[in-house]
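Chemist: Sending over a structure as structure tokens; questions will come in a sec.
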Amino acid sequence: MRIVLLGAPGAGKGTLAKDLVGLFNVPHISTGDMFREAVASGSELGRQVQNILSSGKLVPDEIVNRLVRERISKPDCKDGFILDGYPRTVQQARTLDEMLTAMGQKLDAVLYLKVSEDVVVERLTNRRVCPRCGRIYNLLSMPPKSDEICDDCGTKLIQRDDDREEVVRNRFKVYNEMTAPLIDYYKKKGTLIEIDAEADHQITVRKTVEALKKVIT
């Protein structure tokens, strides 16, 4: 099962991916993970990525495509993968198609997790993170036992700068502008599956699995 996850920040891609990994036994691959792995490897490519990220710039398509190609060629991807954060543009989508064709493979589905701006804002502005152990909470859906104190280590929780409302709304706007052409691209190819990601998480998982079973059969 080869899947691409599309959706705005806060749509629930990472949470859904964890469930799909358990169900289909394929790796969840995010661009963030790939960048961290490349940097940790100490390779020439990893050093390039580290320098780019340190300068605050976006990693160029050429390097992102190369990282993706290397990652999906690894043995643990032989039965499939779940791509999260790639492709971000139509050009990257075309490159991914070319990679898979060269490997004798194809995408089975592109899951578009559809959420409104207000839902994204509500989710992300209520997210809190423990600066010490990294545990993530949500004041609405997954609050700590004590008021904004980490259950595990007792540290005061913080709100990330990019989870503030004005930043979240801008991220949502930018993402939609970048992703709209991708949605059309995959619709035309017949691989796009729209999922209502505003519902309860378990309902979202059930709808997703039902849709994917139709693709498999």
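Here's how to read the names in the structure tokens: chain A, B, ... by the order shown, residue numbers from 1 in each chain, ligand numbers from 1 in the order shown.
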Determine, counting only C-alpha atoms, which protein, DNA and RNA residues have an atom within 10 Å of an atom of Tyr186 of chain A; residues of the same chain fewer than 2 positions away are not included. Present the result as an MDAnalysis selection string.

Modeler: chainID A and resid 90 93 109:112 181:184 188:193

Chemist: Return as a tab-separated table the residues of segment 46-129 of chain A lying at most 9 Å from segment 143-163 of chain A, together with the closest atom-to-atom pair for each and the distance in Å to one decimal, counting only C-alpha atoms, with rows in chain order and ascending residue number.

Modeler:
```
residue	atom	partner	partner_atom	distance
A:Val121	CA	A:Asp163	CA	8.3
A:Leu124	CA	A:Asp163	CA	5.4
A:Thr125	CA	A:Asp163	CA	5.2
A:Asn126	CA	A:Asp163	CA	8.0
A:Arg127	CA	A:Gln159	CA	6.7
A:Arg128	CA	A:Gln159	CA	5.0
A:Val129	CA	A:Ile158	CA	5.4
```

Chemist: Got a sec: who's within 9 Å of Tyr175 of chain A, counting only C-alpha atoms, leaving out chain neighbours fewer than 2 positions off, as a ChimeraX atom specification?

Modeler: /A:7-9,88,170-173,177-180

Chemist: Only C-alpha atoms, please: the residues just picked out, written as a PDB file, in the first residue's frame.

Modeler:
```pdb
ATOM      1  CA  GLY A   7      -3.768  18.135   4.514  1.00  0.00           C
ATOM      2  CA  ALA A   8      -3.202  21.463   6.209  1.00  0.00           C
ATOM      3  CA  PRO A   9      -1.212  21.719   9.441  1.00  0.00           C
ATOM      4  CA  ARG A  88       4.204  19.705  -1.836  1.00  0.00           C
ATOM      5  CA  ASN A 170      -1.208  32.313   7.684  1.00  0.00           C
ATOM      6  CA  ARG A 171       0.112  28.724   7.546  1.00  0.00           C
ATOM      7  CA  PHE A 172      -3.359  27.523   6.538  1.00  0.00           C
ATOM      8  CA  LYS A 173      -3.579  30.134   3.771  1.00  0.00           C
ATOM      9  CA  GLU A 177      -2.400  28.018  -2.034  1.00  0.00           C
ATOM     10  CA  MET A 178       0.405  25.487  -2.499  1.00  0.00           C
ATOM     11  CA  THR A 179      -1.763  22.380  -2.269  1.00  0.00           C
ATOM     12  CA  ALA A 180      -4.806  23.295  -4.383  1.00  0.00           C
TER      13      ALA A 180
END
```

Chemist: Env of Gly85 of chain A: 7 Å cut, atoms = only C-alpha atoms, seq-sep filter 2 positions within chain, self excluded. Answer as a PyMOL selection string.

Modeler: chain A and resi 30-31+83+87-88

Chemist: So which residues of segment 33-211 of chain A fall under strand (DSSP E) by DSSP, listed as JSON, numbers by chain?

Modeler: {"A": [81, 82, 83, 84, 109, 110, 111, 112, 113, 114, 127, 128, 129, 136, 137, 138, 192, 193, 194, 195, 196]}

Chemist: Which distance in Å separates atom CA of Leu5 of chain A and atom CA of Lys18 of chain A, to one decimal?

Modeler: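 Going from atom CA of Leu5 of chain A over to atom CA of Lys18 of chain A covers 12.0 Å.
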
Chemist: What does the distance between atom CA of Val209 of chain A and atom CA of Ile72 of chain A come to in Å, to one decimal place?

Modeler: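 Interatomic distance, atom CA of Val209 of chain A to atom CA of Ile72 of chain A: 22.5 Å.
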
Chemist: Mind pulling up the distance from atom CA of Val64 of chain A to atom CA of Met34 of chain A?

Modeler: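 We find that atom CA of Met34 of chain A and atom CA of Val64 of chain A lie 8.7 Å from each other.
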
Chemist: DSSP on the backbone: what in chain A comes out helix (DSSP H, G or I), as JSON, numbers by chain?

Modeler: {"A": [13, 14, 15, 16, 17, 18, 19, 20, 21, 22, 23, 24, 31, 32, 33, 34, 35, 36, 37, 38, 39, 40, 41, 44, 45, 46, 47, 48, 49, 50, 51, 52, 53, 54, 61, 62, 63, 64, 65, 66, 67, 68, 69, 70, 71, 72, 75, 76, 77, 90, 91, 92, 93, 94, 95, 96, 97, 98, 99, 100, 101, 102, 117, 118, 119, 120, 121, 122, 123, 124, 125, 161, 162, 163, 165, 166, 167, 168, 169, 170, 171, 172, 173, 174, 175, 176, 177, 178, 179, 180, 181, 182, 183, 184, 185, 186, 187, 188, 189, 201, 202, 203, 204, 205, 206, 207, 208, 209, 210, 211, 212, 213, 214, 215, 216]}

Chemist: Tell me which of A:Asn138, A:Ser43, A:Gly80, A:Ser73 sits closest to Ala102 of chain A, counting only C-alpha atoms.

Modeler: A:Ser73
